[in-house]
>>> print(open('data-v4.cif').read())   # mmCIF, C-alpha atoms
data_work
#
loop_
_atom_site.label_atom_id
_atom_site.label_comp_id
_atom_site.auth_asym_id
_atom_site.auth_seq_id
_atom_site.Cartn_x
_atom_site.Cartn_y
_atom_site.Cartn_z
CA MET A 3 -13.63 8.40 27.48
CA PRO A 4 -13.95 12.11 28.21
CA VAL A 5 -14.09 15.06 25.86
CA LYS A 6 -10.74 16.62 24.98
CA VAL A 7 -10.43 20.43 24.86
CA MET A 8 -7.51 21.76 22.82
CA ILE A 9 -6.10 25.01 24.23
CA PRO A 10 -4.50 27.47 21.77
CA THR A 11 -0.93 28.63 22.42
CA PRO A 12 -1.81 32.20 23.58
CA LEU A 13 -4.07 30.81 26.31
CA ARG A 14 -1.77 28.12 27.64
CA PRO A 15 -0.07 30.43 30.17
CA TYR A 16 -3.51 30.66 31.82
CA ALA A 17 -4.08 26.90 31.73
CA GLY A 18 -1.07 25.57 33.59
CA LYS A 19 0.86 25.61 30.28
CA ARG A 20 -1.22 22.72 29.06
CA ALA A 21 -2.06 22.14 25.41
CA SER A 22 -5.23 20.22 26.24
CA ALA A 23 -7.50 19.19 29.08
CA GLU A 24 -10.11 16.45 29.38
CA PHE A 25 -13.53 16.64 30.96
CA HIS A 26 -16.72 14.65 31.15
CA ALA A 27 -19.28 16.88 29.45
CA SER A 28 -22.42 16.43 27.40
CA THR A 29 -22.34 19.85 25.69
CA VAL A 30 -19.70 22.31 24.52
CA GLY A 31 -20.89 24.82 27.11
CA GLU A 32 -20.47 22.28 29.87
CA ALA A 33 -16.93 21.43 28.75
CA LEU A 34 -15.96 25.12 28.56
CA GLY A 35 -17.54 25.61 31.97
CA HIS A 36 -15.35 22.86 33.42
CA LEU A 37 -12.32 24.35 31.66
CA THR A 38 -12.84 27.83 33.08
CA THR A 39 -13.61 26.45 36.51
CA GLU A 40 -10.35 24.55 36.58
CA PHE A 41 -8.44 27.45 35.01
CA ALA A 42 -10.30 30.55 36.16
CA GLU A 43 -7.88 32.98 34.50
CA LEU A 44 -9.03 31.70 31.11
CA ARG A 45 -12.53 33.04 31.59
CA LYS A 46 -11.91 36.70 30.73
CA HIS A 47 -10.10 35.75 27.55
CA LEU A 48 -12.87 33.42 26.33
CA PHE A 49 -16.02 35.13 27.59
CA THR A 50 -17.33 38.69 27.80
CA GLU A 51 -18.44 40.12 31.13
CA GLU A 52 -21.96 39.10 30.12
CA GLY A 53 -20.83 35.50 29.84
CA LYS A 54 -20.95 35.27 26.04
CA LEU A 55 -18.15 33.76 23.99
CA ARG A 56 -16.01 36.58 22.62
CA SER A 57 -16.48 37.25 18.92
CA PHE A 58 -12.90 36.28 18.06
CA VAL A 59 -13.10 32.96 19.92
CA ASN A 60 -14.07 30.15 17.57
CA VAL A 61 -15.00 26.74 18.90
CA TYR A 62 -15.02 23.58 16.84
CA VAL A 63 -16.28 20.13 17.77
CA ASN A 64 -14.06 17.83 15.81
CA ASP A 65 -14.04 19.78 12.51
CA GLU A 66 -17.38 21.56 12.84
CA ASP A 67 -17.72 25.19 13.87
CA ILE A 68 -20.32 25.30 16.68
CA ARG A 69 -21.81 28.49 15.17
CA TYR A 70 -23.28 26.21 12.50
CA LEU A 71 -24.38 23.60 15.03
CA ALA A 72 -26.16 24.46 18.28
CA LYS A 73 -23.50 26.89 19.51
CA GLU A 74 -22.70 26.23 23.17
CA ASN A 75 -25.58 23.78 23.39
CA THR A 76 -23.89 21.58 20.80
CA PRO A 77 -23.90 18.06 22.24
CA THR A 78 -20.63 16.26 22.78
CA LYS A 79 -19.94 12.59 23.18
CA ASP A 80 -17.04 10.68 24.62
CA GLY A 81 -13.95 10.91 22.47
CA ASP A 82 -14.89 14.22 20.81
CA THR A 83 -12.27 16.92 20.47
CA ILE A 84 -13.22 20.54 21.13
CA SER A 85 -10.79 23.04 19.60
CA ILE A 86 -10.57 26.71 20.53
CA ILE A 87 -9.30 28.54 17.44
CA PRO A 88 -8.47 32.25 17.45
CA SER A 89 -9.53 34.69 14.80
CA ILE A 90 -7.63 37.95 14.66
CA ALA A 91 -9.03 41.42 14.17
CA GLY A 92 -8.05 45.03 14.69
CA GLY A 93 -7.53 48.29 12.95
CA ARG A 94 -6.98 51.95 13.46
CA SER A 95 -9.52 54.17 15.16
CA SER A 96 -11.87 56.26 13.10
CA ALA A 97 -10.52 59.76 12.39
CA ARG A 98 -12.94 61.20 14.90
CA LEU A 99 -11.45 59.13 17.69
CA ALA A 100 -7.84 59.27 16.59
CA HIS A 101 -6.77 61.69 19.31
CA ARG A 102 -7.84 59.34 22.07
CA GLN A 103 -7.07 56.01 20.50
CA ALA A 104 -3.95 54.95 22.38
CA ARG A 105 -4.67 53.50 25.76
CA VAL A 106 -1.19 52.60 26.75
CA MET B 79 2.92 41.00 31.23
CA ALA B 80 4.59 43.46 33.55
CA ASP B 81 8.13 42.76 32.39
CA GLU B 82 9.24 44.53 29.27
CA THR B 83 9.56 42.11 26.39
CA THR B 84 11.70 42.22 23.28
CA LEU B 85 10.92 41.05 19.78
CA TRP B 86 13.80 40.19 17.48
CA ILE B 87 13.42 40.48 13.72
CA SER B 88 15.78 40.68 10.76
CA GLY B 89 15.99 43.92 8.83
CA HIS B 90 14.80 42.01 5.76
CA LEU B 91 11.57 40.84 7.39
CA ALA B 92 10.92 44.23 8.97
CA GLU B 93 11.22 45.73 5.50
CA LYS B 94 8.78 43.15 4.12
CA ILE B 95 6.17 44.19 6.68
CA ARG B 96 6.63 47.84 5.72
CA ALA B 97 6.41 46.95 2.03
CA HIS B 98 3.18 45.00 2.61
CA GLY B 99 1.70 48.06 4.33
CA ALA B 100 2.68 50.28 1.39
CA GLU B 101 1.37 47.75 -1.12
CA THR B 102 -2.14 47.58 0.35
CA TYR B 103 -2.38 51.32 1.19
CA PRO B 104 -4.89 52.93 1.72
CA HIS B 105 -6.20 49.61 3.01
CA GLU B 106 -4.84 47.79 6.05
CA CYS B 107 -2.51 44.86 5.48
CA CYS B 108 -2.22 41.90 7.82
CA GLY B 109 -0.21 38.75 8.30
CA ALA B 110 1.17 36.25 10.76
CA LEU B 111 4.55 36.44 12.50
CA LEU B 112 6.22 33.03 12.54
CA GLY B 113 9.11 32.36 14.85
CA ARG B 114 10.31 30.98 18.12
CA ASP B 115 9.90 31.98 21.72
CA SER B 116 12.49 30.95 24.28
CA SER B 117 9.78 30.97 26.90
CA GLU B 118 7.78 28.67 24.64
CA ILE B 119 5.37 26.50 26.52
CA GLY B 120 6.83 23.08 26.90
CA GLY B 121 9.78 24.24 24.83
CA SER B 122 12.07 21.26 24.65
CA ASP B 123 14.63 22.50 22.20
CA PRO B 124 17.62 23.59 24.28
CA GLN B 125 19.42 24.88 21.19
CA ALA B 126 16.53 27.23 20.46
CA LYS B 127 16.64 28.48 24.02
CA GLU B 128 20.35 29.19 23.80
CA SER B 129 20.28 30.91 20.44
CA THR B 130 17.04 32.85 20.80
CA PRO B 131 16.93 35.51 23.45
CA GLY B 132 13.23 36.06 24.03
CA ARG B 133 11.04 35.98 20.97
CA GLU B 134 12.33 36.03 17.40
CA ILE B 135 10.46 36.33 14.12
CA LEU B 136 11.95 34.10 11.45
CA ALA B 137 9.31 34.19 8.71
CA LEU B 138 6.13 35.97 7.69
CA PHE B 139 2.84 34.59 6.44
CA PRO B 140 1.12 37.49 4.64
CA LEU B 141 -2.66 37.25 4.60
CA VAL B 142 -5.53 38.83 2.73
CA ASN B 143 -7.54 41.32 4.77
CA ARG B 144 -11.01 39.74 4.96
CA ARG B 145 -12.71 43.00 5.95
CA ASP B 146 -13.71 44.05 2.45
CA ASP B 147 -16.52 46.17 3.92
CA SER B 148 -14.13 48.45 5.81
CA PRO B 149 -10.55 47.70 4.75
CA ARG B 150 -9.21 51.21 5.39
CA ASN B 151 -9.58 50.98 9.14
CA ARG B 152 -10.17 47.31 9.95
CA PHE B 153 -8.50 44.01 9.31
CA SER B 154 -9.73 40.50 9.92
CA VAL B 155 -8.03 37.12 9.90
CA THR B 156 -10.49 34.22 9.95
CA SER B 157 -10.03 31.09 12.03
CA GLU B 158 -9.34 29.23 8.76
CA ASP B 159 -6.51 31.68 8.00
CA VAL B 160 -5.18 31.22 11.52
CA MET B 161 -5.13 27.45 11.05
CA ALA B 162 -3.38 27.88 7.69
CA ALA B 163 -0.76 30.11 9.33
CA GLU B 164 -0.24 27.59 12.12
CA LYS B 165 0.14 24.77 9.60
CA ASN B 166 2.68 26.80 7.61
CA ALA B 167 4.60 27.56 10.81
CA ARG B 168 4.68 23.88 11.83
CA GLU B 169 5.99 22.91 8.39
CA HIS B 170 8.95 25.25 9.01
CA GLY B 171 9.52 24.10 12.58
CA LEU B 172 8.17 27.42 13.87
CA GLU B 173 5.04 28.66 15.62
CA VAL B 174 2.76 31.65 15.21
CA VAL B 175 4.10 34.16 17.74
CA GLY B 176 2.06 37.15 16.65
CA TRP B 177 0.38 39.21 13.97
CA TYR B 178 1.12 42.38 12.04
CA HIS B 179 -1.12 44.98 10.49
CA SER B 180 -0.89 48.52 9.17
CA HIS B 181 -2.56 51.75 10.26
CA PRO B 182 -3.02 53.80 7.06
CA ASP B 183 -2.60 57.52 7.81
CA HIS B 184 -2.61 56.86 11.54
CA PRO B 185 0.07 56.41 14.17
CA ALA B 186 1.51 53.00 15.01
CA ARG B 187 -0.45 52.88 18.25
CA PRO B 188 -3.06 50.28 19.14
CA SER B 189 -6.65 51.43 18.99
CA GLU B 190 -9.41 50.55 21.40
CA TYR B 191 -10.66 48.20 18.71
CA ASP B 192 -7.23 46.54 18.55
CA ARG B 193 -7.23 46.05 22.31
CA ASP B 194 -10.78 44.81 22.48
CA HIS B 195 -10.03 42.11 19.90
CA ALA B 196 -6.54 41.13 21.04
CA TRP B 197 -5.32 37.83 22.41
CA PRO B 198 -2.75 37.70 25.18
CA TRP B 199 0.76 36.31 24.57
CA TYR B 200 0.86 37.20 20.86
CA SER B 201 3.06 40.07 19.65
CA TYR B 202 1.10 42.63 17.66
CA ILE B 203 3.22 44.64 15.23
CA ILE B 204 1.68 47.83 13.85
CA VAL B 205 3.22 49.81 11.01
CA SER B 206 2.05 53.33 10.33
CA VAL B 207 1.68 54.12 6.61
CA GLN B 208 1.41 57.84 5.89
CA GLY B 209 0.32 58.81 2.38
CA GLY B 210 1.48 55.42 1.11
CA ALA B 211 4.92 55.58 2.75
CA PRO B 212 5.63 53.25 5.68
CA GLN B 213 6.81 55.06 8.79
CA GLU B 214 7.10 54.00 12.42
CA MET B 215 6.76 50.33 13.35
CA THR B 216 5.89 49.27 16.90
CA SER B 217 5.05 46.04 18.72
CA TRP B 218 2.62 45.44 21.58
CA ARG B 219 1.44 42.71 23.90
CA LEU B 220 -1.90 42.62 25.66
CA ASN B 221 -1.68 42.71 29.45
CA ASP B 222 -3.11 39.81 31.44
CA ASP B 223 -6.03 41.97 32.62
CA ARG B 224 -6.97 42.81 28.99
CA LEU B 225 -7.18 46.51 29.95
CA GLU B 226 -4.04 47.75 28.22
CA PHE B 227 -1.31 46.89 25.78
CA SER B 228 2.32 47.06 26.85
CA PRO B 229 4.88 48.26 24.33
CA GLU B 230 7.41 45.67 23.23
CA GLY B 231 10.89 46.59 22.06
CA ILE B 232 11.76 45.69 18.46
CA GLU B 233 15.39 44.72 17.94
CA ILE B 234 16.71 44.37 14.40
CA ARG B 235 18.95 41.34 14.11
CA HIS B 236 21.64 41.78 11.48
CA ARG B 237 21.90 38.32 10.06
CA ALA B 238 20.09 36.30 7.45
CA ALA B 239 16.73 34.92 8.46
CA VAL B 240 16.29 31.17 8.60
#
>>> encode(input="data-v4.cif", output="structure tokens")
Amino acid sequence: MPVKVMIPTPLRPYAGKRASAEFHASTVGEALGHLTTEFAELRKHLFTEEGKLRSFVNVYVNDEDIRYLAKENTPTKDGDTISIIPSIAGGRSSARLAHRQARV
Amino acid sequence: MADETTLWISGHLAEKIRAHGAETYPHECCGALLGRDSSEIGGSDPQAKESTPGREILALFPLVNRRDDSPRNRFSVTSEDVMAAEKNAREHGLEVVGWYHSHPDHPARPSEYDRDHAWPWYSYIIVSVQGGAPQEMTSWRLNDDRLEFSPEGIEIRHRAAV
């Protein structure tokens, strides 16, 4: 039985509108690698240009946050569920940068 | 996200967002926008499609700003809060379609920090709060390339929210 990766709603347009995908993988990193190989448009939303998971992308194996496990080296076994959970952040620019804040 | 999008909201809920911004001033407020999207992935409710042109906000899920180190110019919603918002939405037959926050003493324009931390697809409502009084309210969606936000029209729907 493969590992199941749950895809959050905002990313489904980049994953063939799918809510989940299944891969054979022995670590979280391997599963996410398969995911972003199959759905290449997902990559920029999950990873920085340096290839690190973005700070607002949270990954859980079953109910455990991988930050408290072995991060992307966290081992997975058949039947595990990997969930990608957003966190949300933002805020106004500092006063010093206010005049150039909008990039629209 | 090249096409211009529209976000529908009742006057009552729009006022609640403004009031939340005034309440937490000079700190930023934040919360989840719960509603329906007619372009919803796998949307199987034909009635929703017929009655909801585009995206409509039908409820709010106000949240506590977790950035207690810098609450005047930052807000943060943890993954646990996101899961709680999604659970609340499901219980009401809705989904999380976006997020709102305030910009105390700043315009209702997304900052670089907003853009850098944004997810695609979600609607991001920003309300400017000047000297404690809520002013302009705008909505934005991140472009597919993550380089810019596109403005989203806000339409006030004059009927009771669900």
>>> resolve_selection(input="data-v4.cif", expression="the PyMOL selection byres ((chain B and resi 96) around 12)", output="count of residues only")
38
>>> interface_residues(input="data-v4.cif", of="chain B", to="chain A", cutoff="7 Å", atoms="only C-alpha atoms", output="PyMOL selection string")
chain B and resi 119+151-157+160+181+184+187-192+195+197-200+226-228
>>> atom_distance(input="data-v4.cif", atom1="CA of Val142 in chain B", atom2="CA of Gly113 in chain B")
20.1 Å
>>> resolve_selection(input="data-v4.cif", expression="the PyMOL selection byres ((chain A and resi 6) around 9)", output="list in words")
Pro4, Val5, Val7, Met8, Ser22, Ala23, Glu24, Phe25, His26, Ala33, Asp80, Gly81, Asp82, Thr83, Ile84 and Ser85 of chain A
>>> closest_residue(input="data-v4.cif", among="B:Ser217, B:Ala110, B:His105, B:Glu169", to="Pro149 in chain B", atoms="only C-alpha atoms")
B:His105
>>> axis_aligned_box(input="data-v4.cif", around="range 57-67 of chain A", padding_each_side="5 Å", output="JSON")
{"center_x": -15.3, "center_y": 27.5, "center_z": 16.2, "size_x": 14.8, "size_y": 29.4, "size_z": 17.4}
>>> residues_around(input="data-v4.cif", residues="Leu85 in chain B", least_positions_apart="3", cutoff="9 Å", atoms="all atoms listed in the file", output="list in words")
Pro131, Gly132, Arg133, Glu134, Ile135, Ser201, Ser217, Glu230, Gly231, Ile232, Glu233 and Ile234 of chain B
